[in-house]
$ cat input_10.cif   # mmCIF, C-alpha atoms
data_coords
loop_
_atom_site.label_atom_id
_atom_site.label_comp_id
_atom_site.auth_asym_id
_atom_site.auth_seq_id
_atom_site.Cartn_x
_atom_site.Cartn_y
_atom_site.Cartn_z
CA MET A 1 102.39 142.35 80.72
CA ARG A 2 103.14 141.37 84.31
CA SER A 3 105.33 143.22 86.77
CA LYS A 4 109.03 142.35 86.96
CA ILE A 5 110.21 140.41 90.02
CA SER A 6 113.54 141.58 91.39
CA SER A 7 116.64 139.50 90.60
CA PHE A 8 117.67 139.23 94.26
CA ILE A 9 114.36 137.43 94.84
CA MET A 10 114.33 135.18 91.76
CA ILE A 11 117.92 133.91 91.94
CA PRO A 12 117.82 132.87 95.65
CA SER A 13 114.40 131.31 95.08
CA PHE A 14 115.64 129.11 92.22
CA LEU A 15 118.79 128.25 94.17
CA SER A 16 116.67 127.22 97.15
CA VAL A 17 114.63 124.86 94.97
CA ILE A 18 117.79 123.32 93.48
CA ILE A 19 119.39 122.90 96.91
CA PHE A 20 116.22 121.27 98.20
CA MET A 21 116.19 118.86 95.23
CA LEU A 22 119.82 117.87 95.89
CA TYR A 23 119.06 117.51 99.60
CA VAL A 24 116.18 115.16 98.75
CA PHE A 25 118.45 113.11 96.48
CA PHE A 26 121.38 112.84 98.90
CA ILE A 27 119.31 112.08 101.98
CA SER A 28 117.52 109.31 100.08
CA TYR A 29 120.79 107.41 99.78
CA ASN A 30 122.13 108.48 103.19
CA HIS A 31 124.84 110.71 101.64
CA ILE A 32 123.85 114.04 103.14
CA SER A 33 127.55 114.92 103.63
CA TYR A 34 127.86 115.18 99.84
CA LEU A 35 125.88 118.41 100.05
CA VAL A 36 129.07 120.24 101.13
CA HIS A 37 131.39 118.29 98.85
CA PRO A 38 133.71 120.51 96.70
CA ILE A 39 132.10 119.21 93.50
CA THR A 40 128.64 120.08 94.83
CA ILE A 41 129.80 123.57 95.83
CA PHE A 42 131.33 124.05 92.36
CA PHE A 43 128.01 122.95 90.87
CA PHE A 44 126.20 125.59 92.95
CA ILE A 45 128.62 128.26 91.69
CA ILE A 46 127.99 127.26 88.06
CA ILE A 47 124.23 127.27 88.62
CA THR A 48 124.42 130.71 90.25
CA VAL A 49 126.37 132.10 87.27
CA LEU A 50 123.85 130.60 84.83
CA LEU A 51 120.95 132.03 86.80
CA CYS A 52 122.58 135.47 86.72
CA ILE A 53 122.99 135.18 82.93
CA LEU A 54 119.38 134.09 82.50
CA GLU A 55 118.20 136.91 84.73
CA SER A 56 120.18 139.41 82.63
CA ILE A 57 118.55 138.05 79.47
CA ASN A 58 115.17 138.28 81.17
CA ASN A 59 115.81 141.93 82.09
CA LEU A 60 116.79 142.66 78.50
CA ILE A 61 113.60 141.05 77.19
CA PHE A 62 111.58 143.04 79.73
CA ARG A 63 113.07 146.33 78.50
CA ILE A 64 112.42 145.40 74.88
CA GLN A 65 108.81 144.57 75.65
CA LEU A 66 108.37 147.95 77.33
CA ARG A 67 109.18 149.67 74.01
CA PHE A 68 106.14 148.10 72.36
CA LEU A 69 103.74 149.28 75.07
CA SER A 70 101.72 152.45 75.03
CA GLU A 71 102.57 155.33 77.36
CA LYS A 72 99.65 154.48 79.61
CA GLU A 73 100.65 150.81 79.86
CA ARG A 74 104.30 151.71 80.57
CA LYS A 75 103.19 154.11 83.29
CA LYS A 76 101.12 151.37 84.90
CA ILE A 77 104.07 148.94 84.82
CA PHE A 78 106.41 151.54 86.35
CA GLU A 79 103.91 152.24 89.13
CA GLU A 80 103.59 148.53 89.89
CA ASN A 81 107.40 148.20 90.02
CA GLU A 82 107.89 151.30 92.18
CA GLY A 83 110.16 150.67 95.16
CA ASN A 84 111.87 147.40 96.05
CA TYR A 85 110.22 144.01 96.33
CA PHE A 86 109.56 144.19 100.08
CA TYR A 87 107.97 147.61 99.77
CA ARG A 88 105.62 146.29 97.09
CA LEU A 89 104.91 143.25 99.22
CA TYR A 90 104.03 145.50 102.13
CA ARG A 91 101.82 147.62 99.86
CA PHE A 92 99.90 144.57 98.65
CA ILE A 93 99.31 143.30 102.20
CA PHE A 94 98.45 146.57 103.96
CA TYR A 95 97.13 148.66 101.08
CA ASP A 96 94.29 150.96 102.16
CA TYR A 97 91.03 149.57 100.75
CA LYS A 98 89.52 153.05 100.41
CA LYS A 99 92.21 154.11 97.96
CA ILE A 100 91.16 151.46 95.45
CA ASN A 101 89.07 152.85 92.63
CA HIS A 102 86.40 150.21 92.30
CA ASP A 103 85.09 151.77 89.10
CA GLU A 104 88.23 150.60 87.33
CA VAL A 105 88.09 147.07 88.78
CA LYS A 106 86.35 144.39 86.77
CA LYS A 107 83.07 143.28 88.35
CA ILE A 108 81.84 139.67 88.29
CA ASP A 109 78.07 139.18 88.37
CA HIS A 110 77.07 135.78 89.77
CA GLY A 111 73.86 136.02 87.75
CA PHE A 112 71.58 134.22 90.16
CA ASP A 113 71.90 135.79 93.60
CA GLY A 114 72.33 139.47 92.74
CA ILE A 115 75.81 139.56 94.28
CA ILE A 116 78.52 141.42 92.38
CA GLU A 117 82.12 140.44 93.15
CA LEU A 118 85.16 142.64 92.52
CA ASP A 119 87.82 140.86 90.47
CA ASN A 120 90.80 142.31 92.35
CA GLN A 121 94.36 141.36 91.53
CA LEU A 122 95.75 138.65 93.81
CA PRO A 123 98.40 139.78 96.34
CA ILE A 124 101.92 139.09 95.13
CA TRP A 125 102.80 137.13 98.30
CA TRP A 126 99.81 134.83 97.71
CA VAL A 127 100.84 134.15 94.09
CA HIS A 128 104.44 133.38 95.04
CA LEU A 129 103.32 131.13 97.88
CA PHE A 130 101.08 129.28 95.43
CA TYR A 131 104.00 128.77 93.02
CA LEU A 132 106.12 127.53 95.92
CA THR A 133 103.55 124.89 96.88
CA ILE A 134 103.43 123.67 93.27
CA ALA A 135 107.24 123.37 93.12
CA PHE A 136 107.39 121.60 96.49
CA SER A 137 104.60 119.14 95.63
CA ALA A 138 106.22 118.30 92.27
CA ILE A 139 109.60 117.61 93.90
CA TYR A 140 108.01 115.59 96.67
CA PHE A 141 105.86 113.56 94.24
CA PHE A 142 108.68 112.58 91.88
CA SER A 143 111.03 111.96 94.81
CA TYR A 144 108.55 109.46 96.22
CA LEU A 145 108.22 107.70 92.85
CA LEU A 146 111.84 107.67 91.67
CA ILE A 147 114.07 107.72 94.77
CA ASP A 148 113.91 106.68 98.41
CA TYR A 149 113.02 110.10 99.82
CA SER A 150 109.71 110.19 101.74
CA ASN A 151 109.34 106.41 101.42
CA PRO A 152 108.44 105.32 104.99
CA TYR A 153 109.74 101.75 104.49
CA LYS A 154 113.12 102.98 103.26
CA GLU A 155 113.27 105.57 106.04
CA TYR A 156 112.60 102.85 108.61
CA ASP A 157 115.28 100.61 107.08
CA ILE A 158 117.85 103.44 107.16
CA ALA A 159 116.90 104.39 110.74
CA TYR A 160 117.12 100.74 111.82
CA LYS A 161 120.60 100.30 110.31
CA ASN A 162 121.77 103.55 111.92
CA GLN A 163 120.44 102.37 115.26
CA LEU A 164 122.34 99.09 114.97
CA LYS A 165 125.53 101.02 114.18
CA ASN A 166 125.00 103.27 117.21
CA ILE A 167 124.40 100.23 119.43
CA GLU A 168 127.58 98.61 118.12
CA ILE A 169 129.58 101.78 118.79
CA PHE A 170 128.06 102.08 122.28
CA GLU A 171 128.89 98.49 123.13
CA LYS A 172 132.48 98.95 121.97
CA ASN A 173 132.94 102.09 124.07
CA THR A 174 131.01 100.82 127.09
CA PRO A 175 132.48 97.74 128.81
CA GLN A 176 129.95 95.07 129.74
CA VAL A 177 129.32 94.23 133.38
CA THR A 178 130.70 90.92 134.69
CA ILE A 179 129.85 89.02 137.84
CA GLU A 180 132.91 90.54 139.54
CA ASN A 181 131.69 94.15 139.27
CA ALA A 182 127.93 93.59 139.08
CA ARG A 183 125.96 95.39 141.80
CA PHE A 184 122.30 95.83 142.70
CA LYS A 185 121.15 99.30 141.60
CA GLU A 186 117.72 100.72 142.31
CA ASN A 187 117.78 102.91 139.20
CA LEU A 188 117.96 99.74 137.05
CA ILE A 189 114.80 98.14 138.43
CA ASN A 190 112.34 99.62 135.92
CA SER A 191 114.46 98.86 132.87
CA GLY A 192 115.19 95.43 134.33
CA LYS A 193 111.46 94.79 134.61
CA VAL A 194 111.01 95.48 130.89
CA LEU A 195 113.84 93.09 130.00
CA PHE A 196 112.50 90.49 132.41
CA GLU A 197 109.06 90.59 130.79
CA GLU A 198 110.65 90.21 127.35
CA ASN A 199 113.00 87.32 128.20
CA CYS A 200 111.92 85.64 131.42
CA ALA A 201 108.17 86.13 131.97
CA THR A 202 107.22 83.06 129.89
CA CYS A 203 108.79 80.73 132.45
CA HIS A 204 108.60 82.82 135.63
CA GLN A 205 105.56 85.13 135.10
CA SER A 206 106.00 88.90 134.91
CA ASP A 207 105.82 89.22 138.71
CA GLY A 208 108.27 86.34 139.25
CA SER A 209 105.66 84.08 140.88
CA GLY A 210 106.67 81.14 138.67
CA ASN A 211 105.18 79.19 135.80
CA ILE A 212 107.14 76.31 134.28
CA GLY A 213 110.12 77.91 135.97
CA PRO A 214 110.47 78.30 139.75
CA ASN A 215 109.05 81.07 141.89
CA LEU A 216 111.64 83.84 142.23
CA THR A 217 109.95 85.72 145.06
CA ASP A 218 110.31 83.15 147.87
CA ASP A 219 113.32 81.99 149.90
CA TYR A 220 113.71 78.62 148.16
CA TRP A 221 116.45 78.19 145.58
CA ILE A 222 117.30 75.21 143.39
CA ASN A 223 120.69 76.64 142.55
CA ALA A 224 122.91 78.41 145.05
CA LYS A 225 126.19 79.09 143.27
CA ASN A 226 127.20 82.22 145.14
CA LYS A 227 127.04 83.43 148.73
CA ASP A 228 125.54 86.77 147.66
CA LEU A 229 121.90 86.65 146.48
CA PHE A 230 122.27 89.30 143.79
CA LYS A 231 125.42 87.69 142.39
CA ASN A 232 123.73 84.30 142.53
CA ILE A 233 120.94 85.64 140.34
CA PHE A 234 123.48 87.17 137.96
CA TYR A 235 125.42 83.88 137.87
CA LEU A 236 122.32 81.85 136.92
CA ILE A 237 121.30 84.21 134.13
CA TRP A 238 124.85 84.22 132.78
CA ASN A 239 125.70 80.51 133.13
CA GLY A 240 122.29 78.86 133.19
CA SER A 241 121.15 76.08 135.50
CA ASP A 242 122.89 72.70 135.83
CA ASN A 243 119.64 71.18 137.11
CA ASN A 244 117.36 72.56 134.42
CA PRO A 245 118.54 72.84 130.79
CA THR A 246 115.54 75.08 130.02
CA MET A 247 117.32 77.78 132.01
CA ARG A 248 120.02 78.27 129.40
CA ALA A 249 123.21 80.35 129.65
CA PHE A 250 121.94 83.69 128.34
CA GLY A 251 125.20 85.48 129.09
CA GLN A 252 127.64 82.91 127.78
CA SER A 253 125.74 82.56 124.50
CA GLY A 254 125.69 86.34 124.04
CA GLU A 255 121.90 86.34 123.90
CA ILE A 256 121.77 88.90 126.72
CA LYS A 257 124.62 91.34 127.37
CA GLY A 258 126.21 91.81 130.77
CA ASN A 259 124.73 95.28 131.28
CA ASP A 260 121.23 93.94 130.62
CA ILE A 261 121.79 90.97 132.90
CA GLU A 262 122.65 93.42 135.68
CA LYS A 263 119.32 95.17 135.06
CA ILE A 264 117.36 91.90 135.12
CA SER A 265 119.21 90.76 138.25
CA SER A 266 118.37 94.06 139.97
CA TYR A 267 114.67 93.54 139.21
CA VAL A 268 114.68 89.89 140.37
CA TYR A 269 116.55 90.86 143.55
CA PHE A 270 114.01 93.63 144.16
CA ILE A 271 110.91 91.42 143.84
CA ASN A 272 112.57 88.75 145.99
CA GLN A 273 113.39 91.14 148.83
CA LYS A 274 110.23 93.25 148.94
CA SER A 275 107.65 92.38 151.59
CA ASN A 276 104.59 92.33 149.30
CA LYS A 277 104.65 88.93 147.63
CA PRO A 278 102.32 87.73 144.83
CA LEU A 279 98.99 86.35 146.12
CA ILE A 280 99.22 83.35 143.84
CA SER A 281 102.61 81.73 143.31
CA LYS A 282 104.18 78.40 142.47
CA ALA A 283 104.99 75.94 145.24
CA PRO A 284 108.50 76.20 146.71
CA GLN A 285 111.32 74.34 144.98
CA GLY A 286 114.85 73.67 146.18
CA ILE A 287 116.41 74.49 149.54
CA ARG A 288 115.36 77.40 151.73
CA ARG A 289 117.99 80.13 152.01
CA SER A 290 116.71 82.75 154.45
CA GLU A 291 120.10 84.34 154.91
CA TRP A 292 122.66 85.29 152.27
CA GLY A 293 126.15 86.50 152.88
CA LYS A 294 127.56 89.66 151.36
CA ILE A 295 130.75 89.62 149.35
#
$ encode --input "input_10.cif" --output "structure tokens"
Amino acid sequence: MRSKISSFIMIPSFLSVIIFMLYVFFISYNHISYLVHPITIFFFIIITVLLCILESINNLIFRIQLRFLSEKERKKIFEENEGNYFYRLYRFIFYDYKKINHDEVKKIDHGFDGIIELDNQLPIWWVHLFYLTIAFSAIYFFSYLLIDYSNPYKEYDIAYKNQLKNIEIFEKNTPQVTIENARFKENLINSGKVLFEENCATCHQSDGSGNIGPNLTDDYWINAKNKDLFKNIFYLIWNGSDNNPTMRAFGQSGEIKGNDIEKISSYVYFINQKSNKPLISKAPQGIRRSEWGKI
């Protein structure tokens, strides 16, 4: 007959497993808020009452079983159950090895190497940890098979949808930049470079030296729609080019938002104004504009 585990350990342990199972279920369908729903809380109360009843029945069965044991066996059980759970846990972990009577411990003979091994009782913390790993692995395994929890494809889909919602909320709360309030900002150059490489590098090269599109690092411009160079760049990205239909209106079509156009314009303005130009670049196109006014 095994030692009795205290009720204040068993009941919270079972409750923890049940809460974890519900957490797995709710998070799989993105309804984690249901964990604090009044119905869920009422369910926890019912489960706690049932666990208390089962624990009372278990205590009653334990006492009845003690009556059928011999005096020596009862004494051994009482010694094992002496003190509270944490005291017994401490005793199992830090028990003095010299106090163990090895004559009473079963010995295991390997039979081939002359080594005799003591068959000591496993520490209670080790046994409970082992049971916990079994419970966790079972929940995790069936959750993966039956619901969306721990499914990486479903997790990615949920994360992607949440990201789109956050972007939508951000765009609603953050007004987009227009040509009237657009300004060159040094802190936008790096992010503008990333956007430029994603949207513009095919036609203009990543360094702006030009490919099928014109070189953006020289002083020659096909389109000069604004007196200010930065705003001229912003204008072209927003409205496109009248002379070249390949340079479409990214801003008007909504393909690129105003805030991102400001970032790209900051990068293009930066590479146009810096002194170190690309070693290899496309031949000049358009009219030379060495001076731009400021508005």
$ closest_residue --input "input_10.cif" --among "A:Lys154, A:Lys225, A:Lys161, A:Lys263" --to "Ala182 of chain A" --atoms "all atoms listed in the file"
A:Lys263
$ closest_residue --input "input_10.cif" --among "A:Ile108, A:Leu35, A:Trp238, A:Ser7" --to "Gly258 of chain A" --atoms "all atoms listed in the file"
A:Trp238
$ closest_residue --input "input_10.cif" --among "A:Asp207, A:Glu73, A:Asp242, A:Glu117" --to "Asn223 of chain A" --atoms "all atoms listed in the file"
A:Asp242
$ resolve_selection --input "input_10.cif" --expression "the PyMOL selection byres ((chain A and resi 220) around 6)" --output "PyMOL selection string"
chain A and resi 218-219+221+284-289
$ residues_near_point --input "input_10.cif" --point "(109.3, 108.7, 97.9)" --cutoff "12 Å" --atoms "only C-alpha atoms" --output "ChimeraX atom specification"
/A:24-25,27-29,137-155
$ resolve_selection --input "input_10.cif" --expression "the PyMOL selection byres ((chain A and resi 268) around 9)" --output "VMD selection string"
chain A and resid 189 192 to 193 196 208 216 to 217 230 233 263 to 267 269 to 273
$ resolve_selection --input "input_10.cif" --expression "the PyMOL selection byres ((chain A and resi 119-135) around 6)" --output "list in words"
Phe92, Lys106, Lys107, Leu118, Phe136, Ser137 and Ala138 of chain A
$ write_last_selection --input "input_10.cif" --atoms "C-alpha atoms" --output "PDB file, in the coordinates of the input"
ATOM      1  CA  PHE A  92      99.900 144.570  98.650  1.00  0.00           C
ATOM      2  CA  LYS A 106      86.350 144.390  86.770  1.00  0.00           C
ATOM      3  CA  LYS A 107      83.070 143.280  88.350  1.00  0.00           C
ATOM      4  CA  LEU A 118      85.160 142.640  92.520  1.00  0.00           C
ATOM      5  CA  PHE A 136     107.390 121.600  96.490  1.00  0.00           C
ATOM      6  CA  SER A 137     104.600 119.140  95.630  1.00  0.00           C
ATOM      7  CA  ALA A 138     106.220 118.300  92.270  1.00  0.00           C
TER       8      ALA A 138
END
$ closest_residue --input "input_10.cif" --among "A:Ile169, A:Asn181, A:Val194, A:Val17" --to "Ser206 of chain A" --atoms "all atoms listed in the file"
A:Val194
$ axis_aligned_box --input "input_10.cif" --around "segment 162-165 of chain A" --padding-each-side "3 Å" --output "AutoDock Vina command-line options"
--center_x 123.0 --center_y 101.3 --center_z 113.6 --size_x 11.1 --size_y 10.5 --size_z 9.3
